[in-house]
Structures are given as structure tokens and as C-alpha cells.
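Novice: To be precise about what I am sending: the file is called entry-v9.cif and holds mmCIF, C-alpha atoms.
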```cif
data_final
loop_
_atom_site.label_atom_id
_atom_site.label_comp_id
_atom_site.auth_asym_id
_atom_site.auth_seq_id
_atom_site.Cartn_x
_atom_site.Cartn_y
_atom_site.Cartn_z
CA MET C 1 37.46 -23.70 -8.65
CA SER C 2 34.94 -25.74 -10.62
CA GLY C 3 32.49 -24.81 -13.36
CA ASP C 4 30.70 -26.00 -16.48
CA ASP C 5 31.75 -25.73 -20.12
CA GLU C 6 30.52 -22.13 -20.43
CA LEU C 7 33.57 -21.15 -18.35
CA GLY C 8 36.02 -23.81 -19.51
CA ARG C 9 35.57 -23.22 -23.23
CA HIS C 10 37.32 -19.82 -22.98
CA THR C 11 41.09 -20.34 -23.10
CA TRP C 12 41.78 -16.78 -21.92
CA PHE C 13 39.79 -17.48 -18.75
CA ARG C 14 41.81 -20.61 -17.94
CA GLN C 15 45.01 -18.71 -18.71
CA ALA C 16 44.04 -15.94 -16.27
CA LEU C 17 43.42 -18.50 -13.54
CA ARG C 18 46.82 -20.11 -14.14
CA GLU C 19 48.55 -16.72 -13.99
CA ARG C 20 46.95 -16.15 -10.58
CA GLY C 21 48.07 -19.58 -9.37
CA GLU C 22 44.50 -20.85 -9.09
CA ARG C 23 43.62 -24.50 -9.54
CA TYR C 24 40.45 -25.34 -11.42
CA VAL C 25 38.36 -28.20 -12.75
CA LEU C 26 36.36 -26.73 -15.62
CA GLY C 27 34.14 -28.49 -18.11
CA VAL C 28 34.98 -28.19 -21.83
CA PRO C 29 32.91 -28.95 -24.95
CA CYS C 30 33.23 -32.30 -26.66
CA THR C 31 34.73 -30.50 -29.69
CA THR C 32 37.79 -29.21 -27.80
CA THR C 33 41.05 -29.83 -29.66
CA ILE C 34 43.94 -31.44 -27.76
CA ARG C 35 47.21 -33.28 -28.35
CA ASP C 36 47.92 -36.43 -26.38
CA LEU C 37 51.26 -35.96 -24.60
CA GLU C 38 51.35 -39.60 -23.48
CA ALA C 39 50.91 -41.10 -26.96
CA LEU C 40 53.83 -42.27 -29.07
CA PRO C 41 54.74 -39.78 -31.86
CA PRO C 42 54.83 -40.87 -35.50
CA ALA C 43 58.04 -42.40 -36.82
CA TYR C 44 60.80 -39.91 -37.70
CA GLN C 45 61.58 -39.83 -41.43
CA GLY C 46 65.07 -38.32 -40.99
CA ARG C 47 64.24 -34.79 -42.22
CA GLY C 48 63.13 -31.63 -40.52
CA ARG C 49 61.58 -31.50 -37.10
CA ARG C 50 60.62 -34.60 -35.27
CA PRO C 51 56.86 -35.15 -35.58
CA LYS C 52 54.52 -34.88 -32.65
CA ALA C 53 51.24 -36.56 -31.90
CA PRO C 54 48.46 -35.12 -34.10
CA TRP C 55 45.77 -32.77 -32.88
CA GLN C 56 42.42 -34.39 -32.24
CA SER C 57 39.14 -33.73 -30.47
CA VAL C 58 38.54 -34.94 -26.93
CA THR C 59 35.84 -37.25 -28.33
CA ALA C 60 38.36 -38.94 -30.63
CA TRP C 61 40.82 -39.23 -27.72
CA ARG C 62 38.14 -40.86 -25.58
CA LYS C 63 37.26 -43.36 -28.33
CA SER C 64 40.91 -44.43 -28.63
CA LEU C 65 41.16 -45.38 -24.94
CA ASP C 66 41.56 -48.94 -23.79
CA PRO C 67 38.41 -50.20 -22.01
CA THR C 68 40.53 -51.13 -18.98
CA ALA C 69 41.65 -47.50 -18.52
CA TRP C 70 38.36 -46.55 -16.85
CA ARG C 71 38.23 -46.56 -13.05
CA ARG C 72 35.03 -46.80 -11.03
CA LEU C 73 35.09 -44.85 -7.75
CA MET C 74 32.60 -44.50 -4.90
CA VAL C 75 32.48 -40.81 -4.00
CA ARG C 76 30.01 -40.81 -1.13
CA ASP C 77 26.72 -42.24 0.09
CA GLY C 78 23.77 -40.33 -1.35
CA GLU C 79 20.10 -40.16 -0.46
CA LYS C 80 19.24 -42.73 -3.17
CA GLY C 81 22.25 -44.99 -2.76
CA PRO C 82 26.02 -44.77 -3.24
CA VAL C 83 27.23 -42.03 -5.61
CA ALA C 84 29.64 -43.67 -8.07
CA ILE C 85 31.61 -42.28 -10.99
CA GLU C 86 33.68 -43.78 -13.80
CA ILE C 87 36.66 -41.62 -14.63
CA VAL C 88 39.85 -41.56 -16.70
CA LYS C 89 42.68 -38.99 -16.76
CA GLY C 90 45.44 -38.18 -19.23
CA GLY C 91 48.05 -35.51 -19.95
CA VAL C 92 47.27 -33.38 -23.00
CA GLN C 93 48.26 -30.13 -24.66
CA THR C 94 45.48 -27.66 -25.45
CA ARG C 95 45.15 -24.93 -28.04
CA MET C 96 44.78 -21.21 -27.51
CA GLU C 97 42.98 -18.72 -29.75
CA ARG C 98 44.01 -18.57 -33.42
CA LYS C 99 45.18 -22.20 -33.23
CA ARG C 100 48.25 -21.39 -31.15
CA SER C 101 49.77 -24.19 -29.07
CA GLY C 102 48.72 -23.90 -25.48
CA PRO C 103 50.04 -25.26 -22.17
CA ALA C 104 49.92 -28.80 -20.87
CA GLU C 105 46.82 -29.69 -18.87
CA TRP C 106 45.15 -32.76 -17.41
CA LEU C 107 42.10 -33.99 -19.32
CA ILE C 108 39.46 -35.79 -17.24
CA VAL C 109 36.60 -37.73 -18.81
CA THR C 110 33.68 -39.08 -16.80
CA ARG C 111 30.84 -41.30 -17.94
CA ARG C 112 27.55 -42.64 -16.62
CA PRO C 113 24.99 -45.04 -18.13
CA LEU C 114 22.27 -43.46 -20.24
CA ALA C 115 19.65 -45.29 -18.17
CA ASP C 116 20.95 -43.82 -14.90
CA GLU C 117 19.01 -40.61 -14.25
CA ARG C 118 19.73 -40.41 -10.49
CA THR C 119 22.73 -38.11 -10.68
CA VAL C 120 22.41 -35.75 -13.62
CA GLU C 121 25.36 -33.39 -13.97
CA PRO C 122 24.65 -29.79 -14.92
CA ARG C 123 24.57 -29.31 -18.70
CA ALA C 124 25.08 -25.75 -19.90
CA SER C 125 25.10 -26.21 -23.71
CA ARG C 126 24.44 -28.77 -26.40
CA ASP C 127 28.10 -29.61 -27.02
CA ALA C 128 28.88 -29.99 -23.30
CA THR C 129 28.46 -33.78 -23.53
CA ASP C 130 28.34 -36.58 -26.06
CA HIS C 131 27.18 -40.18 -25.83
CA ASP C 132 27.30 -43.57 -27.48
CA ALA C 133 24.95 -46.53 -27.23
CA ARG C 134 25.62 -47.06 -23.50
CA TYR C 135 27.18 -44.03 -21.80
CA ARG C 136 27.06 -40.24 -21.63
CA TYR C 137 30.46 -38.51 -21.34
CA HIS C 138 31.59 -35.25 -19.71
CA TYR C 139 35.00 -33.59 -20.28
CA TYR C 140 37.05 -31.45 -17.87
CA LEU C 141 40.46 -29.74 -17.81
CA THR C 142 42.69 -29.01 -14.82
CA PRO C 143 46.09 -27.24 -14.90
CA THR C 144 49.48 -28.88 -14.48
CA HIS C 145 51.26 -25.67 -13.36
CA GLY C 146 50.56 -22.14 -12.22
CA ALA C 147 52.32 -18.86 -12.91
CA ALA C 148 55.72 -19.88 -11.55
CA VAL C 149 55.54 -23.30 -9.89
CA PRO C 150 54.14 -26.64 -11.08
CA PHE C 151 51.14 -28.10 -9.33
CA GLN C 152 51.13 -31.50 -7.71
CA GLU C 153 49.39 -34.07 -9.89
CA PRO C 154 45.83 -34.48 -8.59
CA SER C 155 44.54 -37.94 -7.79
CA VAL C 156 41.48 -39.30 -9.56
CA GLU C 157 39.76 -39.61 -6.17
CA GLU C 158 40.15 -35.88 -5.51
CA LEU C 159 39.04 -35.00 -9.04
CA ALA C 160 35.95 -37.19 -8.68
CA ARG C 161 35.06 -35.47 -5.40
CA VAL C 162 35.37 -31.99 -6.94
CA ILE C 163 33.34 -32.92 -10.02
CA LYS C 164 30.52 -34.39 -7.95
CA ALA C 165 30.63 -31.36 -5.64
CA GLY C 166 29.58 -29.21 -8.59
CA ALA C 167 26.41 -31.29 -8.92
CA CYS C 168 25.78 -30.79 -5.18
CA ILE C 169 25.95 -27.01 -5.59
CA GLU C 170 23.42 -27.17 -8.42
CA SER C 171 21.10 -29.32 -6.31
CA SER C 172 21.46 -26.88 -3.40
CA PHE C 173 20.17 -24.03 -5.58
CA LYS C 174 17.29 -26.21 -6.77
CA ARG C 175 16.53 -27.12 -3.16
CA GLY C 176 16.47 -23.46 -2.20
CA LYS C 177 14.09 -22.62 -5.03
CA GLY C 178 11.80 -25.54 -4.26
CA GLU C 179 11.76 -25.48 -0.45
CA VAL C 180 12.15 -21.86 0.67
CA GLY C 181 11.07 -19.88 -2.41
CA MET C 182 14.46 -18.48 -3.38
CA ASP C 183 13.18 -17.59 -6.87
CA GLU C 184 9.82 -16.23 -5.71
CA TYR C 185 10.47 -12.52 -5.35
CA GLN C 186 9.11 -9.26 -6.72
CA VAL C 187 11.52 -6.46 -5.91
CA ARG C 188 12.45 -3.14 -7.47
CA THR C 189 15.88 -2.52 -6.00
CA TRP C 190 19.07 -4.50 -5.51
CA HIS C 191 18.75 -3.90 -1.78
CA GLY C 192 15.44 -5.76 -1.71
CA TRP C 193 16.83 -8.58 -3.87
CA HIS C 194 19.84 -9.01 -1.57
CA HIS C 195 17.51 -8.99 1.43
CA HIS C 196 15.36 -11.76 -0.05
CA LEU C 197 18.33 -13.92 -1.09
CA THR C 198 19.95 -13.53 2.34
CA LEU C 199 16.82 -14.68 4.17
CA SER C 200 16.38 -17.58 1.74
CA LEU C 201 19.96 -18.77 2.19
CA MET C 202 19.62 -18.52 5.96
CA ALA C 203 16.46 -20.64 5.79
CA VAL C 204 18.21 -23.28 3.65
CA TRP C 205 21.17 -23.27 6.03
CA PHE C 206 18.87 -23.81 9.01
CA LEU C 207 16.97 -26.65 7.31
CA LEU C 208 20.21 -28.35 6.23
CA GLY C 209 21.59 -28.12 9.76
CA GLU C 210 18.45 -29.64 11.25
CA THR C 211 18.47 -32.36 8.57
CA HIS C 212 22.08 -33.35 9.26
CA ARG C 213 21.41 -33.39 12.99
CA GLY C 214 18.35 -35.59 12.55
CA GLN C 215 20.19 -37.98 10.20
CA GLN C 216 22.40 -39.07 13.10
CA LEU C 217 19.37 -40.91 14.49
CA THR C 218 17.34 -41.34 11.28
CA PRO C 219 19.65 -41.78 8.26
CA ALA C 220 16.79 -41.57 5.73
CA LEU C 221 15.63 -38.15 6.95
CA THR C 222 15.39 -35.60 4.14
CA LEU C 223 15.10 -31.82 4.04
CA PRO C 224 11.48 -31.76 2.77
CA GLN C 225 10.48 -33.95 5.73
CA VAL C 226 12.15 -31.54 8.16
CA ARG C 227 10.31 -28.62 6.59
CA TYR C 228 7.06 -30.60 6.72
CA GLY C 229 7.54 -31.45 10.39
CA LEU C 230 8.39 -27.86 11.32
CA SER C 231 5.33 -26.58 9.47
CA LEU C 232 3.12 -28.98 11.44
CA LEU C 233 4.66 -27.88 14.72
CA LEU C 234 4.12 -24.21 13.85
CA LEU C 235 0.51 -24.92 12.92
CA GLU C 236 -0.09 -26.84 16.15
CA VAL C 237 -1.12 -23.59 17.81
CA TYR C 238 -4.10 -23.28 15.46
CA CYS C 239 -5.26 -26.92 15.48
CA THR C 240 -6.44 -29.38 18.14
CA SER C 241 -4.50 -32.44 17.00
CA GLY C 242 -1.76 -32.09 19.59
CA VAL C 243 1.99 -32.65 19.46
CA ASP C 244 1.66 -36.43 19.98
CA TYR C 245 -0.47 -36.82 16.85
CA ILE C 246 1.96 -34.74 14.81
CA CYS C 247 4.94 -36.80 16.00
CA ARG C 248 3.15 -40.03 15.07
CA ARG C 249 2.46 -38.74 11.55
CA VAL C 250 6.08 -37.68 11.03
CA GLN C 251 7.39 -40.96 12.51
CA ARG C 252 5.16 -42.99 10.17
CA GLN C 253 6.46 -41.10 7.16
CA LEU C 254 10.09 -41.51 8.24
CA GLN C 255 9.67 -45.27 8.67
CA ARG C 256 8.30 -45.59 5.13
CA ASN C 257 11.22 -43.54 3.82
CA GLU C 258 13.81 -45.65 5.66
CA ALA C 259 12.27 -48.88 4.38
CA ALA C 260 12.33 -47.56 0.81
CA ARG C 261 15.98 -46.54 1.16
CA PHE C 262 16.92 -49.95 2.51
CA TYR C 263 15.27 -51.81 -0.37
CA HIS C 264 16.78 -49.34 -2.81
CA HIS C 265 20.23 -50.47 -1.65
CA ARG C 266 19.25 -54.13 -1.77
CA THR C 267 17.87 -54.06 -5.33
CA ARG C 268 21.17 -52.60 -6.56
CA LYS C 269 23.15 -55.20 -4.60
CA CYS C 270 24.85 -52.49 -2.54
CA ILE C 271 25.53 -52.79 1.16
CA PRO C 272 23.49 -50.11 3.01
CA PRO C 273 25.09 -48.06 5.80
CA ARG C 274 25.65 -49.96 9.02
CA LYS C 275 23.36 -47.76 11.09
CA LEU C 276 20.61 -48.30 8.52
CA ARG C 277 21.07 -52.10 8.60
CA ARG C 278 20.82 -52.01 12.39
CA ASP C 279 17.53 -50.10 12.41
CA ILE C 280 15.74 -51.94 9.59
CA GLN C 281 15.88 -55.70 9.21
#
```
Rewrite the structure of this file - the entire thing - as C-alpha cells.
Specialist:
Amino acid sequence: MSGDDELGRHTWFRQALRERGERYVLGVPCTTTIRDLEALPPAYQGRGRRPKAPWQSVTAWRKSLDPTAWRRLMVRDGEKGPVAIEIVKGGVQTRMERKRSGPAEWLIVTRRPLADERTVEPRASRDATDHDARYRYHYYLTPTHGAAVPFQEPSVEELARVIKAGACIESSFKRGKGEVGMDEYQVRTWHGWHHHLTLSLMAVWFLLGETHRGQQLTPALTLPQVRYGLSLLLLEVYCTSGVDYICRRVQRQLQRNEAARFYHHRTRKCIPPRKLRRDIQ
């Protein structure tokens, strides 16, 4: 399960998921208090209990990291180039309500340059992120154990995939609102609302399927272009242009899109996909 900081900030919600044996990757605010379980404790003075690492915010923990602790991973190939993420993970102890000591969890911090606006993660509240002069940071928690058994330690590659999948879900809803009118409804009953949402999701599913099928031959094909081409074919009955003219218009637009995608890879010194290099020289 994944979600933003509006879900992750509630400790009772994370506790309920652990009791059910569910794994999660939930965002937390930058003011979340944690204790670093991997840090060396203060020196023992010979009296009382042995001291533990002090409580601190996740922002202070991030600032104390060594610059070499960050790892840059390539998650997948996106429409505007490779989707990369810089990530770091550490074992921490969280706090429950009323400042009670909580369980051990994995803290994940991701960052991206402030100038990079290509992949904007969903931001639910003001304290969901923080930034410095170069990067913007997001914070996530994932459990180390469930109700009875400990969980296997997740790899940073798997965590990066799950975190970026959350952004894909957000973009899917935006695509549905922009392409098939998912948010354009005027209904009076829940039955009518469910009917509209069902038809909208079916339309998005159909367009995504046709887009993925077309990308096997044309990697730069996008969903708006598929919708545009289908609209022209449906209107062909009422116009005299003919199917050949419509195909030439769509082909001309696809060639411009593929050329732009190729040069987008080249300006960022990234190797484009092999099938794209074969088609465009």
C-alpha cells in the first residue's frame, strides 16, 4: 500500500496496517520525530540506564547524512526520458501519540533537483516536503515487521518503484479528467455517479490499451494522439477528406513527436531506447 503524508502522519493508521500484516510505503511530514537506530549512542557515564540516540526530526536526520549515502536509480523509461530517483534508507524508531516510543520502521528519503519539473510527486500538505538550495525532499516510512512475523528488508530498487508508482496513479487520474471527462458530470444520485465513473474508466482503459499496442511500432505514441486519431476516424463519415488523408496527418504528427523525443534524450546525454535509435537517425 502506498499513500501521501495525509495517511502516513497518523500513527494509529500505520499501527492498524501492521496489525493486519500489511506492508506500506506512506509519506510522512518533514516534522516527523524519529530516533536513528543505526547511530552510535552517547557515551555511558556509569550511572542509570544506558543512553540512546536522541530524538530528532527527519529533516535533521537527512541533514546529518553523508553525501555518499545517496543512490541514484533508474526506475523506468518515461515519455520525456528516463525516470530517475535519488534515494537513501535507514532504520529508525518512530513515536506514537502522547510521545510514546513506537516500533522500528524503515525511513526512506528521496530528492530531486528544484529545476526538474518533469516528475512532480503528489503533495498533499505544506509540510509534506522541504528543500534546500538545490533539492526538494520527500519522506516515507515502511514497516520492519507485521503482527507476528518480521518482514523481509525491502531493497531500495523496490522502494523506488513503489514510490514512483504513486506518481503514475496520480497522473492516471489527471489523464482521465483531461482526456475522457472523468470530472465532467452532473448527477443527482450515487447510481448515476458510479455509472459515469465506470464508463470513464473503461474509456481510459481502452485508450491505454491502444496506446501500448501502438507503442510497439511507434515508441513516441501518446494517449492524446490515439484519442485524436480515433476522433478523426469517427468523423470520417461526415467529411470528404478520406482515410488516406487522415492517416497522413496522424503520421506527420507522430514523426514530429518521435524526433522531439529523440533529441530530448540526446540533450540530456541519455541513450534513447534501441527501437527509437533504429527508427530515427
Novice: Excluding same-chain residues fewer than 3 positions from stretch 6-18 of chain C, what lies within 8 Å of it counting all atoms listed in the file, as a PyMOL selection string?
Specialist: chain C and resi 3+21-24+26-29+32+95-97+124-125+140-141+143+145-147
Novice: Give me the result of the PyMOL selection byres ((chain C and resi 110) around 6) on this file, residue by residue, as a PyMOL selection string.
Specialist: chain C and resi 86-87+109+111+137-138
Novice: Those same residues - C-alpha atoms - I'd like them written as a PDB file, in the coordinates of the input.
Specialist:
```pdb
ATOM      1  CA  GLU C  86      33.680 -43.780 -13.800  1.00  0.00           C
ATOM      2  CA  ILE C  87      36.660 -41.620 -14.630  1.00  0.00           C
ATOM      3  CA  VAL C 109      36.600 -37.730 -18.810  1.00  0.00           C
ATOM      4  CA  ARG C 111      30.840 -41.300 -17.940  1.00  0.00           C
ATOM      5  CA  TYR C 137      30.460 -38.510 -21.340  1.00  0.00           C
ATOM      6  CA  HIS C 138      31.590 -35.250 -19.710  1.00  0.00           C
TER       7      HIS C 138
END
```
Novice: Given the file shown, enumerate the residues that the PyMOL selection byres ((chain C and resi 40) around 12) captures and present them as a short mmCIF file (atom, residue, chain, number, x, y, z; two decimals) with C-alpha atoms, keeping the file's coordinate frame.
Specialist:
```cif
data_model
loop_
_atom_site.label_atom_id
_atom_site.label_comp_id
_atom_site.auth_asym_id
_atom_site.auth_seq_id
_atom_site.Cartn_x
_atom_site.Cartn_y
_atom_site.Cartn_z
CA ARG C 35 47.21 -33.28 -28.35
CA ASP C 36 47.92 -36.43 -26.38
CA LEU C 37 51.26 -35.96 -24.60
CA GLU C 38 51.35 -39.60 -23.48
CA ALA C 39 50.91 -41.10 -26.96
CA PRO C 41 54.74 -39.78 -31.86
CA PRO C 42 54.83 -40.87 -35.50
CA ALA C 43 58.04 -42.40 -36.82
CA TYR C 44 60.80 -39.91 -37.70
CA ARG C 50 60.62 -34.60 -35.27
CA PRO C 51 56.86 -35.15 -35.58
CA LYS C 52 54.52 -34.88 -32.65
CA ALA C 53 51.24 -36.56 -31.90
CA PRO C 54 48.46 -35.12 -34.10
#
```
Novice: Translate the PyMOL selection byres ((chain C and resi 106) around 8), as applied to the file shown, into an explicit residue set as a list in words.
Specialist: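 Applying the PyMOL selection byres ((chain C and resi 106) around 8) to the structure shown produces Lys89, Gly90, Gly91, Val92, Ala104, Glu105, Leu107, Ile108, Leu141, Thr142, Pro143 and Thr144 of chain C.
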Novice: Hey, which of C:Ala160, C:Leu197, C:Cys30, C:Met74 ends up closest to C:Arg136? Count all atoms listed in the file.
Specialist: C:Cys30
Novice: From the list C:Gly192, C:Tyr185, C:Ala259, C:Leu230, which residue is nearest C:Thr218 when using all atoms listed in the file?
Specialist: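 Closest residue, counting all atoms listed in the file: C:Ala259.
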Novice: Atom CA of C:Arg256 to atom CA of C:Leu221: how many Å, to one decimal?
Specialist: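 Here the two named atoms are 10.6 Å from each other.
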Novice: Mind giving me the straight-line distance from atom CA of C:Leu254 to atom CA of C:Ala220 in Å, one decimal?
Specialist: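 If I compute the distance from atom CA of C:Leu254 to atom CA of C:Ala220, I get 7.2 Å.
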Novice: Do you have the atom CA of C:Trp70-atom CA of C:Pro103 distance handy?
Specialist: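 Between atom CA of C:Trp70 and atom CA of C:Pro103 the gap is 24.9 Å.
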Novice: Taking (14.5, -33.4, 6.8) in the file's coordinates as the center, which residues reach within 12 Å of it, counting only C-alpha atoms, put as a PyMOL selection string?
Specialist: chain C and resi 79+175+179+204+206-231+250-251+253-254+257
Novice: Which one is closest to C:Ser172: C:Ser200, C:Thr267, C:Arg252, C:Asp244? Count all atoms listed in the file.
Specialist: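 Once distances to C:Ser172 are computed over all atoms listed in the file, the minimum belongs to C:Ser200.
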Novice: Can you work out which one of C:Arg266, C:Asp4, C:Pro150, C:Tyr245 has the shortest atom-to-atom distance to C:Ile169, counting only C-alpha atoms?
Specialist: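 Closest to C:Ile169 of all the choices is C:Asp4.
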Novice: Tell me which of C:Val83, C:Asp183, C:Ala260, C:Thr68 sits closest to C:Cys168, counting only C-alpha atoms.
Specialist: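 Going through C:Val83, C:Asp183, C:Ala260, C:Thr68 one by one, the smallest distance to C:Cys168 is for C:Val83.
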Novice: Have a look at C:Phe262, C:Thr59, C:Gln93, C:Met1 and name the one nearest to C:Gly166; count all atoms listed in the file.
Specialist: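 Selected residue with least distance to C:Gly166: C:Met1.
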Novice: Residues near C:Val75, anyone? I mean within 12 Å using all atoms listed in the file, not counting same-chain ones fewer than 4 positions away, as a list in words.
Specialist: Gly81, Pro82, Val83, Ala84, Ile85, Glu86, Ile87, Val156, Glu157, Glu158, Leu159, Ala160, Arg161, Val162, Ile163, Lys164 and Ala165 of chain C
Novice: Could those selected residues go to a file with C-alpha atoms, as an mmCIF file, in the frame of the given file?
Specialist:
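Now in selection-v4.cif:
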```cif
data_model
loop_
_atom_site.group_PDB
_atom_site.id
_atom_site.type_symbol
_atom_site.label_atom_id
_atom_site.label_comp_id
_atom_site.auth_asym_id
_atom_site.auth_seq_id
_atom_site.Cartn_x
_atom_site.Cartn_y
_atom_site.Cartn_z
ATOM 1 C CA GLY C 81 22.250 -44.990 -2.760
ATOM 2 C CA PRO C 82 26.020 -44.770 -3.240
ATOM 3 C CA VAL C 83 27.230 -42.030 -5.610
ATOM 4 C CA ALA C 84 29.640 -43.670 -8.070
ATOM 5 C CA ILE C 85 31.610 -42.280 -10.990
ATOM 6 C CA GLU C 86 33.680 -43.780 -13.800
ATOM 7 C CA ILE C 87 36.660 -41.620 -14.630
ATOM 8 C CA VAL C 156 41.480 -39.300 -9.560
ATOM 9 C CA GLU C 157 39.760 -39.610 -6.170
ATOM 10 C CA GLU C 158 40.150 -35.880 -5.510
ATOM 11 C CA LEU C 159 39.040 -35.000 -9.040
ATOM 12 C CA ALA C 160 35.950 -37.190 -8.680
ATOM 13 C CA ARG C 161 35.060 -35.470 -5.400
ATOM 14 C CA VAL C 162 35.370 -31.990 -6.940
ATOM 15 C CA ILE C 163 33.340 -32.920 -10.020
ATOM 16 C CA LYS C 164 30.520 -34.390 -7.950
ATOM 17 C CA ALA C 165 30.630 -31.360 -5.640
#
```
Novice: Please fill the gaps in stretch 149-173 of chain C so it has N, CA and C atoms, and write that as an mmCIF file, keeping the file's coordinate frame.
Specialist:
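Now in out-v8.cif:
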```
data_model
loop_
_atom_site.group_PDB
_atom_site.id
_atom_site.type_symbol
_atom_site.label_atom_id
_atom_site.label_comp_id
_atom_site.auth_asym_id
_atom_site.auth_seq_id
_atom_site.Cartn_x
_atom_site.Cartn_y
_atom_site.Cartn_z
ATOM 1 N N VAL C 149 55.206 -21.991 -10.441
ATOM 2 C CA VAL C 149 55.540 -23.300 -9.890
ATOM 3 C C VAL C 149 54.586 -24.345 -10.443
ATOM 4 N N PRO C 150 55.056 -25.578 -10.631
ATOM 5 C CA PRO C 150 54.140 -26.640 -11.080
ATOM 6 C C PRO C 150 53.256 -27.119 -9.946
ATOM 7 N N PHE C 151 52.074 -27.561 -10.304
ATOM 8 C CA PHE C 151 51.140 -28.100 -9.330
ATOM 9 C C PHE C 151 51.401 -29.594 -9.143
ATOM 10 N N GLN C 152 51.062 -30.072 -7.946
ATOM 11 C CA GLN C 152 51.130 -31.500 -7.710
ATOM 12 C C GLN C 152 50.025 -32.198 -8.490
ATOM 13 N N GLU C 153 50.361 -33.343 -9.070
ATOM 14 C CA GLU C 153 49.390 -34.070 -9.890
ATOM 15 C C GLU C 153 48.202 -34.493 -9.031
ATOM 16 N N PRO C 154 46.997 -34.122 -9.408
ATOM 17 C CA PRO C 154 45.830 -34.480 -8.590
ATOM 18 C C PRO C 154 45.480 -35.957 -8.771
ATOM 19 N N SER C 155 44.981 -36.551 -7.724
ATOM 20 C CA SER C 155 44.540 -37.940 -7.790
ATOM 21 C C SER C 155 43.140 -37.996 -8.399
ATOM 22 N N VAL C 156 42.807 -39.147 -8.965
ATOM 23 C CA VAL C 156 41.480 -39.300 -9.560
ATOM 24 C C VAL C 156 40.405 -39.268 -8.479
ATOM 25 N N GLU C 157 40.737 -39.684 -7.260
ATOM 26 C CA GLU C 157 39.760 -39.610 -6.170
ATOM 27 C C GLU C 157 39.404 -38.168 -5.851
ATOM 28 N N GLU C 158 40.408 -37.288 -5.799
ATOM 29 C CA GLU C 158 40.150 -35.880 -5.510
ATOM 30 C C GLU C 158 39.395 -35.220 -6.660
ATOM 31 N N LEU C 159 39.743 -35.564 -7.892
ATOM 32 C CA LEU C 159 39.040 -35.000 -9.040
ATOM 33 C C LEU C 159 37.576 -35.436 -9.055
ATOM 34 N N ALA C 160 37.332 -36.704 -8.723
ATOM 35 C CA ALA C 160 35.950 -37.190 -8.680
ATOM 36 C C ALA C 160 35.147 -36.462 -7.613
ATOM 37 N N ARG C 161 35.767 -36.190 -6.472
ATOM 38 C CA ARG C 161 35.060 -35.470 -5.400
ATOM 39 C C ARG C 161 34.703 -34.064 -5.835
ATOM 40 N N VAL C 162 35.632 -33.367 -6.506
ATOM 41 C CA VAL C 162 35.370 -31.990 -6.940
ATOM 42 C C VAL C 162 34.293 -31.961 -8.011
ATOM 43 N N ILE C 163 34.337 -32.901 -8.944
ATOM 44 C CA ILE C 163 33.340 -32.920 -10.020
ATOM 45 C C ILE C 163 31.951 -33.163 -9.461
ATOM 46 N N LYS C 164 31.828 -34.117 -8.544
ATOM 47 C CA LYS C 164 30.520 -34.390 -7.950
ATOM 48 C C LYS C 164 30.071 -33.260 -7.028
ATOM 49 N N ALA C 165 31.017 -32.498 -6.475
ATOM 50 C CA ALA C 165 30.630 -31.360 -5.640
ATOM 51 C C ALA C 165 29.916 -30.290 -6.456
ATOM 52 N N GLY C 166 30.281 -30.158 -7.741
ATOM 53 C CA GLY C 166 29.580 -29.210 -8.590
ATOM 54 C C GLY C 166 28.106 -29.556 -8.735
ATOM 55 N N ALA C 167 27.816 -30.875 -8.855
ATOM 56 C CA ALA C 167 26.410 -31.290 -8.920
ATOM 57 C C ALA C 167 25.686 -31.004 -7.609
ATOM 58 N N CYS C 168 26.392 -31.101 -6.480
ATOM 59 C CA CYS C 168 25.780 -30.790 -5.180
ATOM 60 C C CYS C 168 25.411 -29.313 -5.088
ATOM 61 N N ILE C 169 26.254 -28.435 -5.620
ATOM 62 C CA ILE C 169 25.950 -27.010 -5.590
ATOM 63 C C ILE C 169 24.701 -26.710 -6.417
ATOM 64 N N GLU C 170 24.606 -27.358 -7.595
ATOM 65 C CA GLU C 170 23.420 -27.170 -8.420
ATOM 66 C C GLU C 170 22.164 -27.656 -7.688
ATOM 67 N N SER C 171 22.267 -28.795 -7.039
ATOM 68 C CA SER C 171 21.100 -29.320 -6.310
ATOM 69 C C SER C 171 20.750 -28.441 -5.121
ATOM 70 N N SER C 172 21.748 -27.785 -4.522
ATOM 71 C CA SER C 172 21.460 -26.880 -3.400
ATOM 72 C C SER C 172 20.632 -25.688 -3.864
ATOM 73 N N PHE C 173 20.962 -25.130 -5.054
ATOM 74 C CA PHE C 173 20.170 -24.030 -5.580
ATOM 75 C C PHE C 173 18.749 -24.496 -5.918
#
```
